[in-house]
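Undergrad: The structure's right below; bear with me while I get my questions together.
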Amino acid sequence: DALSRLPADSAGNKVDWIKALEDGYISPRSELLENRPVRILDSDILLNKTGSIPRVRFPHKAHTQWLDCENCHEKIFKSKAGATPISMGKILEGEYCGVCHGAVAFPLTECNRCHSVPWGSGDASQADTP
């Protein structure tokens with residue numbers, strides 16, 4: 001019942017959590033300590049090692065609005081581009097993105113939410129490979 005007041009989504013628990021945050025329905029903290037400033041990073045990383053399917057766009061902003069950088073770096077992901085051997089197999093086993101996605105974030109069956117950059121689109125900003 002409480003979730004019915006939040007913006008709708010088509011996946012997972014049917015709540016668009018990013019829209020809920022942006023529209024002021026919720027105001028989560030990225031840290032347990034209230035007085036610590038939230039560091040929001042507004043940059044995207046493109047993951048190019050996706051074979052023939054569209055590349056992955058990782059939006060830092062959507063993630064850092066919820067979590068402090070230290071939640072993921074250096075434990076789950078290395079900060080150096082290309083240093084983390086991400087694979088769908090490992091993600092499906094609950095590693096890397098799979099730590100949250102499929103557990104508390106939208107499910108891994110929503111492929112196009114991550115694999116959203118078609119090859120040949122010309123978008124090469126901050127790619128993980130040359």
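Chains: A, B, ... in order of the structure tokens. Residues: from 1 per chain. Ligands: from 1, in order shown.
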Mind the document's chain letters and residue numbers, and return as a PyMOL selection string the residues of range 2-110 of chain A that DSSP labels strand (DSSP E or B).

TA: chain A and resi 8+15+44-47+55-59+73+77+101+105

Undergrad: Go ahead and dump the residues you just picked, C-alpha atoms, as a PDB file, in the first residue's frame.

TA:
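What ended up in again.pdb:
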ATOM      1  CA  ALA A   8       5.262   3.541 -11.206  1.00  0.00           C
ATOM      2  CA  VAL A  15       8.429   1.607  -8.310  1.00  0.00           C
ATOM      3  CA  ASP A  44      28.405   8.006 -17.421  1.00  0.00           C
ATOM      4  CA  ILE A  45      30.759   5.122 -18.108  1.00  0.00           C
ATOM      5  CA  LEU A  46      30.325   3.001 -21.232  1.00  0.00           C
ATOM      6  CA  LEU A  47      31.181  -0.677 -20.983  1.00  0.00           C
ATOM      7  CA  ARG A  55      26.881  -1.472 -24.895  1.00  0.00           C
ATOM      8  CA  VAL A  56      26.194  -0.793 -21.230  1.00  0.00           C
ATOM      9  CA  ARG A  57      25.816   2.771 -19.999  1.00  0.00           C
ATOM     10  CA  PHE A  58      26.577   3.012 -16.288  1.00  0.00           C
ATOM     11  CA  PRO A  59      25.047   6.229 -14.923  1.00  0.00           C
ATOM     12  CA  HIS A  73      34.853   1.279  -4.913  1.00  0.00           C
ATOM     13  CA  PHE A  77      34.587  -2.286  -8.711  1.00  0.00           C
ATOM     14  CA  HIS A 101      20.459  -5.736  -9.298  1.00  0.00           C
ATOM     15  CA  ALA A 105      17.421  -2.898  -7.467  1.00  0.00           C
TER      16      ALA A 105
END

Undergrad: What's around Cys97 in chain A at 10 Å? Count only C-alpha atoms, leave out sequence neighbours fewer than 5 positions away in its own chain, and write the answer as a tab-separated table (two decimals) with N, CA and C atoms, in the first residue's frame.

TA:
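Done, and the output landed in selection.tsv:
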chain	number	residue	atom	x	y	z
A	72	CYS	N	30.90	0.86	-3.32
A	72	CYS	CA	31.28	0.01	-4.46
A	72	CYS	C	32.79	0.01	-4.74
A	76	ILE	N	33.91	-3.73	-4.82
A	76	ILE	CA	33.18	-4.41	-5.89
A	76	ILE	C	33.76	-4.06	-7.25
A	77	PHE	N	34.06	-2.78	-7.45
A	77	PHE	CA	34.59	-2.29	-8.71
A	77	PHE	C	35.88	-1.51	-8.46
A	86	ILE	N	34.23	-7.58	-15.41
A	86	ILE	CA	32.77	-7.76	-15.34
A	86	ILE	C	32.31	-8.70	-16.45
A	87	SER	N	31.43	-9.63	-16.10
A	87	SER	CA	30.81	-10.49	-17.10
A	87	SER	C	29.38	-10.78	-16.67
A	88	MET	N	28.52	-11.06	-17.62
A	88	MET	CA	27.12	-11.36	-17.28
A	88	MET	C	27.05	-12.61	-16.40
A	90	LYS	N	29.13	-13.58	-14.09
A	90	LYS	CA	29.43	-13.17	-12.72
A	90	LYS	C	28.30	-12.32	-12.14
A	91	ILE	N	27.72	-11.47	-12.97
A	91	ILE	CA	26.60	-10.64	-12.50
A	91	ILE	C	25.43	-11.53	-12.09
A	92	LEU	N	25.13	-12.53	-12.91
A	92	LEU	CA	24.04	-13.47	-12.60
A	92	LEU	C	24.33	-14.29	-11.34
A	102	GLY	N	18.79	-7.43	-9.13
A	102	GLY	CA	18.29	-8.78	-8.93
A	102	GLY	C	18.03	-9.05	-7.46
A	105	ALA	N	17.64	-3.84	-6.36
A	105	ALA	CA	17.42	-2.90	-7.47
A	105	ALA	C	16.70	-3.64	-8.59
A	108	LEU	N	17.57	-8.28	-13.25
A	108	LEU	CA	18.47	-8.50	-14.37
A	108	LEU	C	17.75	-8.88	-15.66

Undergrad: Just the number, please: distance in Å from CA of Lys14 in chain A to CA of Phe106 in chain A, one decimal.

TA: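 Atom-to-atom, CA of Lys14 in chain A and CA of Phe106 in chain A are spaced 8.9 Å apart.
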
Undergrad: So the first atom is CA of Ser10 in chain A and the second is CA of Asp68 in chain A; what is the distance between them in Å, to one decimal place?

TA: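 Computing the Euclidean distance for CA of Ser10 in chain A and CA of Asp68 in chain A yields 26.6 Å.
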
Undergrad: When you count only C-alpha atoms, which of these residues is closest to Gln65 in chain A: A:Thr84, A:Ser4, A:Asn13, A:Ser27?

TA: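 Closest candidate: A:Ser27.
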
Undergrad: Can you check which residues of range 55-96 of chain A DSSP gives as alpha helix (DSSP H) on the backbone and send them as a list of chain:residue names?

TA: A:His60, A:Lys61, A:Ala62, A:His63, A:Thr64, A:Met88, A:Gly89, A:Lys90, A:Ile91, A:Leu92
